[in-house]
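Everything below belongs to work38.txt, which stores compact mmCIF, C-alpha atoms.
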```
# COMPACT_ATOMS: atom_id res chain seq x y z
CA MET A 5 23.57 -13.70 61.01
CA GLN A 6 25.57 -16.70 62.20
CA SER A 7 29.35 -16.63 61.94
CA LEU A 8 31.06 -19.38 59.95
CA ALA A 9 32.20 -20.92 63.24
CA GLU A 10 28.63 -21.09 64.53
CA GLN A 11 27.55 -22.73 61.27
CA THR A 12 30.22 -25.43 61.37
CA ARG A 13 31.24 -26.26 64.94
CA ASN A 14 28.61 -28.95 65.34
CA ASP A 15 30.25 -30.79 62.45
CA PHE A 16 33.35 -31.45 64.56
CA PRO A 17 32.81 -34.07 67.29
CA ILE A 18 36.06 -33.27 69.12
CA LEU A 19 34.74 -29.81 69.98
CA THR A 20 32.22 -31.39 72.34
CA LYS A 21 35.07 -32.83 74.38
CA SER A 22 36.11 -31.30 77.68
CA SER A 23 39.75 -30.90 78.56
CA SER A 24 41.46 -32.90 81.30
CA SER A 25 40.73 -30.00 83.64
CA ASP A 26 36.99 -30.22 82.81
CA GLN A 27 37.23 -26.89 81.02
CA PRO A 28 35.81 -26.48 77.52
CA LEU A 29 38.44 -27.51 75.00
CA ILE A 30 39.85 -24.60 72.99
CA TYR A 31 41.95 -25.82 70.09
CA LEU A 32 44.33 -23.20 68.69
CA ASP A 33 46.84 -25.46 66.96
CA HIS A 34 45.30 -25.73 63.50
CA ALA A 35 48.61 -24.95 61.77
CA ALA A 36 49.99 -28.20 63.20
CA THR A 37 46.96 -30.30 62.26
CA SER A 38 43.32 -29.53 61.59
CA GLN A 39 40.35 -31.12 63.30
CA LYS A 40 38.07 -33.44 61.31
CA PRO A 41 34.36 -33.05 60.58
CA GLN A 42 32.12 -36.04 61.14
CA GLU A 43 31.56 -36.61 57.44
CA VAL A 44 35.30 -37.07 56.90
CA ILE A 45 35.45 -39.57 59.77
CA ASP A 46 32.40 -41.35 58.34
CA SER A 47 34.01 -41.46 54.89
CA LEU A 48 37.08 -43.22 56.24
CA VAL A 49 35.07 -45.69 58.30
CA ASN A 50 32.64 -46.34 55.44
CA TYR A 51 35.44 -47.47 53.13
CA TYR A 52 36.72 -50.04 55.60
CA ALA A 53 33.24 -51.14 56.64
CA THR A 54 31.47 -51.44 53.30
CA TYR A 55 33.81 -51.66 50.28
CA ASN A 56 37.33 -52.37 51.53
CA ALA A 57 39.40 -53.71 48.61
CA ASN A 58 42.54 -52.91 46.69
CA VAL A 59 42.32 -50.50 43.77
CA HIS A 60 43.08 -50.91 40.06
CA ARG A 61 43.74 -54.64 40.45
CA GLY A 62 40.47 -56.50 40.65
CA ALA A 63 37.39 -57.02 38.51
CA HIS A 64 35.13 -57.82 41.45
CA GLN A 65 32.56 -55.34 42.69
CA LEU A 66 34.40 -54.25 45.84
CA SER A 67 37.56 -53.40 43.90
CA VAL A 68 35.58 -51.54 41.27
CA CYS A 69 33.81 -49.51 43.96
CA ALA A 70 37.08 -48.74 45.77
CA THR A 71 38.80 -47.75 42.54
CA GLU A 72 35.98 -45.42 41.55
CA ALA A 73 36.02 -43.70 44.96
CA PHE A 74 39.82 -43.48 44.96
CA GLU A 75 39.98 -41.90 41.53
CA GLU A 76 37.06 -39.59 42.38
CA ALA A 77 39.20 -38.29 45.26
CA ARG A 78 41.97 -37.57 42.74
CA LYS A 79 39.47 -35.66 40.58
CA ILE A 80 38.30 -33.63 43.60
CA THR A 81 41.92 -32.83 44.47
CA ALA A 82 42.68 -31.76 40.90
CA ASN A 83 39.63 -29.49 40.82
CA PHE A 84 40.49 -28.05 44.24
CA VAL A 85 43.82 -26.65 43.00
CA GLY A 86 42.74 -25.93 39.42
CA ALA A 87 44.84 -28.67 37.81
CA THR A 88 44.45 -29.19 34.07
CA SER A 89 44.25 -32.97 34.40
CA THR A 90 43.97 -35.66 37.07
CA LYS A 91 47.26 -36.98 35.66
CA GLU A 92 48.92 -34.04 37.41
CA ILE A 93 47.88 -35.24 40.89
CA VAL A 94 50.19 -37.75 42.56
CA PHE A 95 49.09 -39.13 45.92
CA THR A 96 51.88 -39.26 48.51
CA ARG A 97 52.02 -39.94 52.24
CA ASN A 98 52.29 -36.22 53.00
CA ALA A 99 53.76 -32.98 51.69
CA SER A 100 57.21 -33.98 52.93
CA GLU A 101 57.18 -37.06 50.71
CA ALA A 102 55.96 -34.95 47.80
CA ILE A 103 58.95 -32.62 48.14
CA ASN A 104 61.28 -35.61 48.44
CA LEU A 105 59.72 -37.02 45.26
CA VAL A 106 60.61 -33.86 43.34
CA ALA A 107 64.11 -33.66 44.87
CA ARG A 108 64.82 -37.32 44.08
CA SER A 109 63.13 -37.70 40.72
CA TRP A 110 63.44 -34.28 39.10
CA GLY A 111 66.52 -33.26 41.09
CA ASP A 112 68.64 -36.37 40.67
CA ASN A 113 67.80 -36.47 36.99
CA LEU A 114 68.41 -32.84 36.05
CA VAL A 115 70.41 -31.00 38.74
CA LYS A 116 74.20 -31.03 38.40
CA GLU A 117 77.24 -29.77 40.28
CA GLY A 118 77.30 -25.98 40.36
CA ASP A 119 73.55 -25.63 39.78
CA GLU A 120 71.62 -23.74 42.44
CA ILE A 121 68.40 -24.22 44.41
CA LEU A 122 66.97 -21.05 45.93
CA LEU A 123 64.94 -21.38 49.14
CA THR A 124 63.98 -18.93 51.90
CA ILE A 125 65.05 -18.84 55.53
CA MET A 126 61.41 -19.17 56.61
CA GLU A 127 61.01 -22.67 55.15
CA HIS A 128 59.74 -25.64 57.12
CA HIS A 129 62.43 -28.28 57.54
CA SER A 130 60.57 -30.40 54.97
CA ASN A 131 61.48 -27.83 52.32
CA ILE A 132 65.12 -27.61 53.40
CA VAL A 133 66.40 -31.07 54.29
CA PRO A 134 65.47 -32.83 50.99
CA TRP A 135 67.42 -30.15 49.11
CA GLN A 136 70.37 -30.50 51.47
CA LEU A 137 70.46 -34.20 50.61
CA LEU A 138 70.23 -33.35 46.92
CA ALA A 139 73.18 -30.98 47.33
CA LYS A 140 75.22 -33.80 48.89
CA ARG A 141 74.33 -36.14 46.05
CA THR A 142 74.87 -33.74 43.17
CA GLY A 143 77.14 -30.94 44.35
CA CYS A 144 74.50 -28.30 43.71
CA VAL A 145 74.45 -25.17 45.87
CA LEU A 146 71.64 -24.07 48.18
CA ARG A 147 70.97 -20.36 48.54
CA PHE A 148 68.48 -18.69 50.87
CA ALA A 149 66.49 -15.49 50.42
CA GLY A 150 66.07 -13.34 53.53
CA LEU A 151 63.38 -11.27 55.19
CA THR A 152 62.33 -7.64 55.42
CA SER A 153 62.21 -5.79 58.73
CA THR A 154 58.52 -6.70 59.09
CA GLY A 155 59.18 -10.44 58.68
CA GLU A 156 58.10 -10.78 55.07
CA LEU A 157 59.94 -12.25 52.10
CA ASP A 158 62.58 -9.86 50.76
CA LEU A 159 61.68 -9.86 47.08
CA LYS A 160 64.75 -7.83 46.17
CA ASP A 161 66.93 -10.48 47.77
CA VAL A 162 65.11 -13.13 45.74
CA GLN A 163 65.85 -11.15 42.58
CA ASN A 164 69.49 -10.64 43.54
CA LYS A 165 70.06 -14.34 44.26
CA LEU A 166 68.32 -15.66 41.17
CA ASN A 167 70.64 -16.31 38.24
CA LYS A 168 71.09 -18.55 35.22
CA ARG A 169 72.35 -21.36 37.49
CA THR A 170 69.14 -21.41 39.58
CA LYS A 171 67.22 -24.54 38.63
CA LEU A 172 64.39 -24.26 41.14
CA VAL A 173 62.92 -21.84 43.68
CA GLY A 174 61.21 -23.60 46.59
CA LEU A 175 59.13 -21.57 49.00
CA VAL A 176 56.19 -21.67 51.33
CA HIS A 177 52.93 -19.93 50.41
CA ILE A 178 52.06 -18.93 54.00
CA SER A 179 54.74 -19.30 56.66
CA ASN A 180 53.73 -21.55 59.54
CA THR A 181 55.71 -19.29 61.88
CA LEU A 182 55.69 -15.76 60.46
CA GLY A 183 52.19 -16.00 59.03
CA CYS A 184 53.25 -13.92 56.04
CA CYS A 185 51.66 -14.64 52.67
CA ASN A 186 54.39 -14.65 50.05
CA PRO A 187 54.00 -12.86 46.69
CA ILE A 188 54.01 -16.01 44.59
CA GLU A 189 53.13 -14.45 41.22
CA GLU A 190 56.05 -12.00 41.55
CA VAL A 191 58.45 -14.80 42.53
CA VAL A 192 57.25 -16.92 39.61
CA ASP A 193 57.79 -14.04 37.19
CA LEU A 194 61.35 -13.49 38.44
CA ALA A 195 62.13 -17.22 38.45
CA HIS A 196 60.77 -17.99 35.01
CA LYS A 197 62.81 -15.14 33.51
CA GLN A 198 65.84 -17.17 34.62
CA SER A 199 64.25 -20.43 33.34
CA SER A 200 63.91 -21.60 36.97
CA LEU A 201 61.05 -23.79 38.15
CA VAL A 202 58.98 -22.90 41.22
CA LEU A 203 57.83 -25.38 43.88
CA LEU A 204 55.19 -24.11 46.30
CA ASP A 205 54.60 -25.53 49.78
CA ALA A 206 50.87 -24.83 50.18
CA CYS A 207 50.30 -26.70 53.45
CA GLN A 208 49.33 -23.55 55.35
CA SER A 209 47.23 -22.01 52.59
CA LEU A 210 45.11 -24.76 51.04
CA ALA A 211 42.49 -24.73 53.82
CA HIS A 212 42.40 -20.96 54.11
CA ARG A 213 42.26 -19.37 50.64
CA TYR A 214 41.48 -20.19 47.04
CA ILE A 215 44.45 -21.50 45.04
CA ASN A 216 44.71 -22.06 41.29
CA VAL A 217 48.03 -23.52 40.21
CA ASN A 218 47.75 -22.18 36.67
CA SER A 219 46.85 -18.65 37.80
CA LEU A 220 49.84 -18.66 40.15
CA GLY A 221 52.07 -19.92 37.35
CA ILE A 222 53.96 -22.37 39.58
CA ASP A 223 55.44 -25.67 38.41
CA PHE A 224 54.98 -27.90 41.48
CA LEU A 225 52.69 -27.68 44.52
CA VAL A 226 52.61 -29.90 47.60
CA GLY A 227 49.79 -30.32 50.08
CA SER A 228 48.93 -32.43 53.10
CA SER A 229 45.51 -33.83 53.95
CA HIS A 230 45.73 -33.40 57.71
CA LYS A 231 45.99 -29.61 57.29
CA VAL A 232 42.69 -29.46 55.35
CA CYS A 233 40.38 -31.35 57.73
CA GLY A 234 41.38 -34.71 56.26
CA PRO A 235 43.12 -37.76 57.75
CA THR A 236 46.82 -38.15 58.36
CA GLY A 237 49.08 -40.29 56.19
CA ILE A 238 48.01 -38.86 52.84
CA GLY A 239 49.07 -35.83 50.82
CA PHE A 240 49.68 -34.97 47.21
CA LEU A 241 51.99 -33.48 44.64
CA TRP A 242 50.68 -31.41 41.78
CA GLY A 243 53.12 -31.03 38.91
CA ARG A 244 52.82 -29.85 35.35
CA GLU A 245 52.12 -32.89 33.18
CA SER A 246 55.05 -32.13 30.88
CA LEU A 247 57.45 -32.09 33.84
CA LEU A 248 56.06 -35.27 35.42
CA ASN A 249 56.34 -37.09 32.11
CA GLU A 250 60.07 -36.32 31.98
CA MET A 251 60.72 -37.46 35.56
CA PRO A 252 61.72 -41.07 36.39
CA PRO A 253 59.89 -43.04 39.11
CA PHE A 254 60.61 -42.18 42.72
CA LEU A 255 59.80 -45.58 44.25
CA ALA A 256 59.56 -48.97 42.57
CA GLY A 257 57.15 -51.86 43.05
CA GLY A 258 53.66 -52.90 42.15
CA GLU A 259 51.17 -50.50 40.58
CA MET A 260 53.80 -48.17 39.05
CA ILE A 261 54.67 -50.60 36.26
CA GLN A 262 53.18 -51.40 32.88
CA ASP A 263 55.19 -54.55 32.16
CA VAL A 264 57.92 -56.36 34.11
CA TYR A 265 60.53 -58.62 32.53
CA LEU A 266 63.49 -60.28 34.21
CA ASP A 267 65.93 -57.73 32.80
CA HIS A 268 63.85 -54.54 32.59
CA SER A 269 60.48 -52.95 33.26
CA ASN A 270 58.22 -50.38 31.63
CA TRP A 271 56.48 -47.73 33.69
CA ALA A 272 52.78 -47.07 34.02
CA ASP A 273 51.30 -43.83 32.73
CA LEU A 274 50.85 -40.76 34.94
CA PRO A 275 50.10 -40.46 37.75
CA HIS A 276 50.54 -44.13 38.66
CA LYS A 277 54.23 -44.07 37.67
CA PHE A 278 54.86 -42.36 41.01
CA GLU A 279 52.51 -44.42 43.18
CA ALA A 280 54.29 -47.66 44.00
CA GLY A 281 52.50 -50.32 46.04
CA THR A 282 49.10 -50.29 47.67
CA PRO A 283 48.16 -46.68 48.40
CA ALA A 284 46.40 -45.21 51.42
CA ILE A 285 43.03 -45.88 49.84
CA GLY A 286 40.66 -44.98 52.66
CA GLU A 287 42.74 -41.94 53.58
CA SER A 288 42.75 -40.71 49.96
CA ILE A 289 38.99 -41.07 49.74
CA ALA A 290 38.53 -39.23 53.04
CA MET A 291 40.89 -36.47 51.89
CA GLY A 292 38.60 -36.01 48.89
CA THR A 293 35.66 -35.73 51.28
CA ALA A 294 37.53 -33.12 53.32
CA LEU A 295 38.44 -31.03 50.28
CA GLN A 296 34.85 -31.12 49.10
CA TYR A 297 33.70 -30.05 52.59
CA ILE A 298 36.08 -27.07 52.47
CA LYS A 299 34.99 -26.18 48.95
CA ASN A 300 31.33 -26.30 49.92
CA LEU A 301 31.95 -23.87 52.78
CA GLY A 302 33.58 -21.50 50.33
CA LEU A 303 37.21 -20.46 50.64
CA LYS A 304 36.24 -16.79 50.34
CA ASN A 305 33.94 -17.22 53.36
CA ILE A 306 36.71 -19.03 55.27
CA HIS A 307 39.29 -16.39 54.46
CA SER A 308 36.95 -13.54 55.41
CA TRP A 309 36.08 -15.03 58.82
CA GLU A 310 39.66 -15.97 59.63
CA LYS A 311 40.85 -12.47 58.69
CA GLU A 312 38.35 -11.02 61.18
CA LEU A 313 39.56 -13.45 63.85
CA THR A 314 43.21 -12.65 63.17
CA ILE A 315 42.69 -8.92 63.57
CA HIS A 316 40.82 -9.58 66.83
CA MET A 317 43.65 -11.76 68.15
CA PHE A 318 46.36 -9.25 67.26
CA GLU A 319 44.46 -6.42 68.93
CA GLY A 320 44.60 -8.41 72.16
CA LEU A 321 48.22 -9.54 71.83
CA LYS A 322 49.57 -6.03 71.26
CA LYS A 323 48.29 -5.01 74.69
CA ILE A 324 50.47 -7.56 76.50
CA GLU A 325 53.67 -6.05 77.82
CA GLY A 326 56.89 -7.76 76.73
CA LEU A 327 55.21 -9.88 74.06
CA GLN A 328 56.74 -9.83 70.57
CA VAL A 329 54.90 -11.31 67.58
CA LEU A 330 57.04 -12.60 64.73
CA GLY A 331 56.15 -11.66 61.19
CA PRO A 332 53.88 -8.96 59.82
CA THR A 333 50.87 -7.67 61.70
CA PRO A 334 47.50 -7.44 59.90
CA SER A 335 48.22 -3.73 59.40
CA ASP A 336 51.51 -4.65 57.70
CA GLN A 337 49.93 -7.35 55.55
CA LEU A 338 46.18 -7.82 55.62
CA GLU A 339 46.45 -11.10 53.69
CA ARG A 340 48.66 -12.76 56.32
CA GLY A 341 47.77 -16.19 57.67
CA ALA A 342 45.46 -16.78 60.63
CA LEU A 343 48.14 -17.40 63.25
CA ALA A 344 50.37 -15.55 65.67
CA THR A 345 53.79 -16.78 66.76
CA PHE A 346 55.12 -14.91 69.75
CA ASN A 347 57.89 -14.65 72.28
CA VAL A 348 57.52 -13.24 75.79
CA GLU A 349 60.60 -11.67 77.29
CA ALA A 350 62.36 -13.92 79.86
CA ILE A 351 59.65 -16.60 79.73
CA HIS A 352 59.98 -19.95 77.97
CA ALA A 353 57.31 -20.78 75.41
CA ASN A 354 56.90 -24.30 76.82
CA ASP A 355 55.92 -22.88 80.21
CA ILE A 356 53.26 -20.70 78.63
CA ALA A 357 51.87 -23.62 76.62
CA ALA A 358 51.82 -25.88 79.69
CA LEU A 359 49.86 -23.39 81.79
CA LEU A 360 47.37 -22.80 79.01
CA ASP A 361 46.96 -26.54 78.56
CA ASP A 362 46.08 -26.78 82.26
CA VAL A 363 42.98 -24.70 81.53
CA GLY A 364 42.03 -26.52 78.32
CA ILE A 365 43.69 -24.27 75.73
CA CYS A 366 45.84 -26.00 73.11
CA ILE A 367 48.60 -23.92 71.50
CA ARG A 368 51.97 -24.84 70.04
CA SER A 369 55.41 -24.24 71.53
CA GLY A 370 58.84 -25.03 70.14
CA HIS A 371 60.62 -24.16 66.90
CA HIS A 372 57.71 -25.26 64.66
CA CYS A 373 60.14 -27.15 62.39
CA CYS A 374 61.73 -23.80 61.49
CA GLN A 375 65.04 -23.80 63.38
CA PRO A 376 66.96 -21.64 60.85
CA LEU A 377 64.23 -19.00 61.09
CA HIS A 378 64.34 -19.04 64.88
CA ARG A 379 68.12 -18.67 64.82
CA HIS A 380 67.66 -15.65 62.56
CA TYR A 381 65.65 -14.06 65.36
CA GLY A 382 67.99 -15.28 68.09
CA LEU A 383 65.34 -17.54 69.58
CA SER A 384 65.26 -21.24 70.41
CA SER A 385 61.48 -21.52 70.69
CA THR A 386 58.27 -19.54 70.47
CA ALA A 387 54.59 -20.01 71.23
CA ARG A 388 52.01 -20.11 68.45
CA ALA A 389 48.24 -19.77 68.36
CA SER A 390 46.76 -20.75 64.99
CA LEU A 391 43.14 -20.39 63.96
CA SER A 392 40.56 -21.99 61.70
CA PHE A 393 37.06 -21.23 60.48
CA ILE A 394 35.74 -23.13 63.52
CA SER A 395 37.49 -20.72 65.92
CA THR A 396 35.41 -18.08 67.69
CA LYS A 397 36.06 -14.64 69.14
CA GLU A 398 34.91 -15.95 72.52
CA GLU A 399 37.63 -18.59 72.39
CA LEU A 400 40.20 -15.93 71.52
CA ASP A 401 39.05 -13.71 74.39
CA ARG A 402 39.50 -16.57 76.82
CA PHE A 403 42.88 -17.43 75.33
CA LEU A 404 44.04 -13.83 75.73
CA GLU A 405 42.74 -13.68 79.29
CA GLU A 406 44.45 -16.92 80.28
CA LEU A 407 47.63 -15.91 78.44
CA VAL A 408 47.87 -12.72 80.51
CA SER A 409 47.25 -14.76 83.66
CA ALA A 410 49.94 -17.33 82.72
CA ILE A 411 52.50 -14.62 81.96
CA SER A 412 51.78 -12.84 85.25
CA PHE A 413 52.16 -16.12 87.19
CA LEU A 414 55.45 -16.98 85.48
CA ARG A 415 56.85 -13.50 86.08
CA ARG A 416 55.92 -13.62 89.74
CA ASN A 417 57.57 -17.00 90.15
CA SER A 418 60.67 -16.48 88.03
```
For this file, produce the structure as structure tokens.
Amino acid sequence: MQSLAEQTRNDFPILTKSSSSDQPLIYLDHAATSQKPQEVIDSLVNYYATYNANVHRGAHQLSVCATEAFEEARKITANFVGATSTKEIVFTRNASEAINLVARSWGDNLVKEGDEILLTIMEHHSNIVPWQLLAKRTGCVLRFAGLTSTGELDLKDVQNKLNKRTKLVGLVHISNTLGCCNPIEEVVDLAHKQSSLVLLDACQSLAHRYINVNSLGIDFLVGSSHKVCGPTGIGFLWGRESLLNEMPPFLAGGEMIQDVYLDHSNWADLPHKFEAGTPAIGESIAMGTALQYIKNLGLKNIHSWEKELTIHMFEGLKKIEGLQVLGPTPSDQLERGALATFNVEAIHANDIAALLDDVGICIRSGHHCCQPLHRHYGLSSTARASLSFISTKEELDRFLEELVSAISFLRRNS
């Protein structure tokens, strides 16, 4: 029986590319951005080549066709996350903009001095900085939940720091550095008992496991197309319709208005109230294609294969002397994400990444936009290998072999 990788690799044209060293390209940086199947590329090109037009604004056939495809992408996105209505899906440039939308619109409107926002120390900068700016504007207080000894969310600390002043809990579903999968239902239960809302950063989970916003019980979710085999420059916010209705516009301009007078304006209905100006039409349509591609593969199938790959990778990493993996191992948390972030004693992560790149293996090095988390561990940077359903065990074996070789070379020459 073919593995999921064997079934899908031919869909991705970049995988036929050789590296600059004429070695087969091994891409292990899926947590940073995913690769794109041909049908997603074709979807983007087809819009510009055959029905390029603005949406919602024209009666001619090209505009009608573009509008139908654009709104079909919204419907696909809504179905992908289990939204109740397409009105709950707001297209944004990326997940970062979606979080900024909530911080600006919901936050500026409802958060006051002395109120609290509870985050975690594992958050991506995109789920920290917008709230820091909100705190400067409003005088609200940011609090941060910590970690357990295995690098998982400390649920007791979440409970201890939640109180009647907490207006929102913002946290990542799967950490892009620790790989841990956070207990969202438990956090939601604790938060809602304090009348706090919950915003979920699902960038690292949407392409890897089934998500239903209503089953999770969350209030906001943000996602980014380029993490789910779609194009860059497009993402989305899901929010409960009742919440979005209460929130004022984030940006102003065309499209988000119903009527404009010289002294005032009236806003368009959801979701267009939050979508000022000409949107990323082709990118939105291609994101819909990508989400449908993922759905057709089956998120249970994806999760099962990636779990097998993750266990295989960790078995190899634990044999390397002086290598420390951040976050829980698969034996600590079987549902962890398909990535491994690691530090090698006395060796800089950038040097490891550079040597692996020389032999055609792409991994990440740096702080992964998680500087507070790295400071917690006393590190300035780490290396990260992140997997996808198109990854193979053969690729992982070569990565592990070349990683051992790179470490040995750097130790000899240190």
Point to revise | Surrounding residues of segment 64-79 of chain A excluding itself and chain neighbours under 4 positions, 8 Å, all atoms listed in the file, as a PyMOL selection string | key: chain A and resi 51+55-60+83+90+93+95+285-286+288-293
Practice item. Identify the residues within 10 Å of coordinate (56.9, -12.7, 46.6) (same frame as the file), considering only C-alpha atoms, and give the answer as a PyMOL selection string. Key: chain A and resi 156-160+162-163+175+177+185-194
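Note that the spacing between atom CA of Gln42 of chain A and atom CA of Ala102 of chain A amounts to 27.3 Å.
Note that atom CA of Gln136 of chain A and atom CA of Lys116 of chain A are 13.6 Å apart.
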Check your understanding: What's the 12 Å shell around Val85 of chain A, counting all atoms listed in the file, without same-chain residues fewer than 5 positions away, as number ranges by chain?
Key -> A: 78-80, 90, 92-93, 206, 209-211, 213-220, 222, 224-227, 240-243, 295-296, 299, 303
Check your understanding: Near segment 386-396 of chain A, counting only C-alpha atoms, which residues have an atom at most 8 Å away, once you skip same-chain residues fewer than 2 positions from it, shown as a ChimeraX atom specification?
Key -> /A:8-10,12-13,31-35,181,212,306,309-310,313-314,342-347,352-354,356-357,367-371,383-384,398-400
Point to revise | d(atom CA of Leu123 of chain A, atom CA of Arg147 of chain A) in Å | key: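 A separation of 6.1 Å between them.
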Practice item. Rank nothing, just name the residue among A:Arg169, A:Asn104, A:Leu151, A:Leu19 nearest to Leu138 of chain A, using only C-alpha atoms. Key: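 Result for the nearest residue to Leu138 of chain A: A:Asn104.
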Revision key, fill the gap. Using all atoms listed in the file, the best pick from A:Gly281, A:Thr54, A:Ser246, A:Arg379 as closest to Met260 of chain A would be A:Gly281
Practice item. Skip Asn98 of chain A itself and residues of its chain fewer than 2 positions away, then list as an NGL selection string all residues within 8 Å of it, counting all atoms listed in the file. Key: :A and (96 or 100-102 or 227-229 or 236-240)
For Arg141 of chain A, list every protein, DNA or RNA residue within 10 Å, evaluated using all atoms listed in the file, and leave out those in the same chain fewer than 2 positions away; present the list as a compact mmCIF listing (two decimals) with C-alpha atoms, in the coordinates of the input.
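Once everything was written out, this is selection38.txt:
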```txt
# COMPACT_ATOMS: atom_id res chain seq x y z
CA ARG A 108 64.82 -37.32 44.08
CA GLY A 111 66.52 -33.26 41.09
CA ASP A 112 68.64 -36.37 40.67
CA VAL A 115 70.41 -31.00 38.74
CA LYS A 116 74.20 -31.03 38.40
CA GLU A 117 77.24 -29.77 40.28
CA TRP A 135 67.42 -30.15 49.11
CA GLN A 136 70.37 -30.50 51.47
CA LEU A 137 70.46 -34.20 50.61
CA LEU A 138 70.23 -33.35 46.92
CA ALA A 139 73.18 -30.98 47.33
CA GLY A 143 77.14 -30.94 44.35
CA CYS A 144 74.50 -28.30 43.71
```
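With only C-alpha atoms as the atoms that count, the residue of A:Ile261, A:Gly155, A:Ala272, A:Asn167 with the shortest distance to Asn249 of chain A is A:Ala272.
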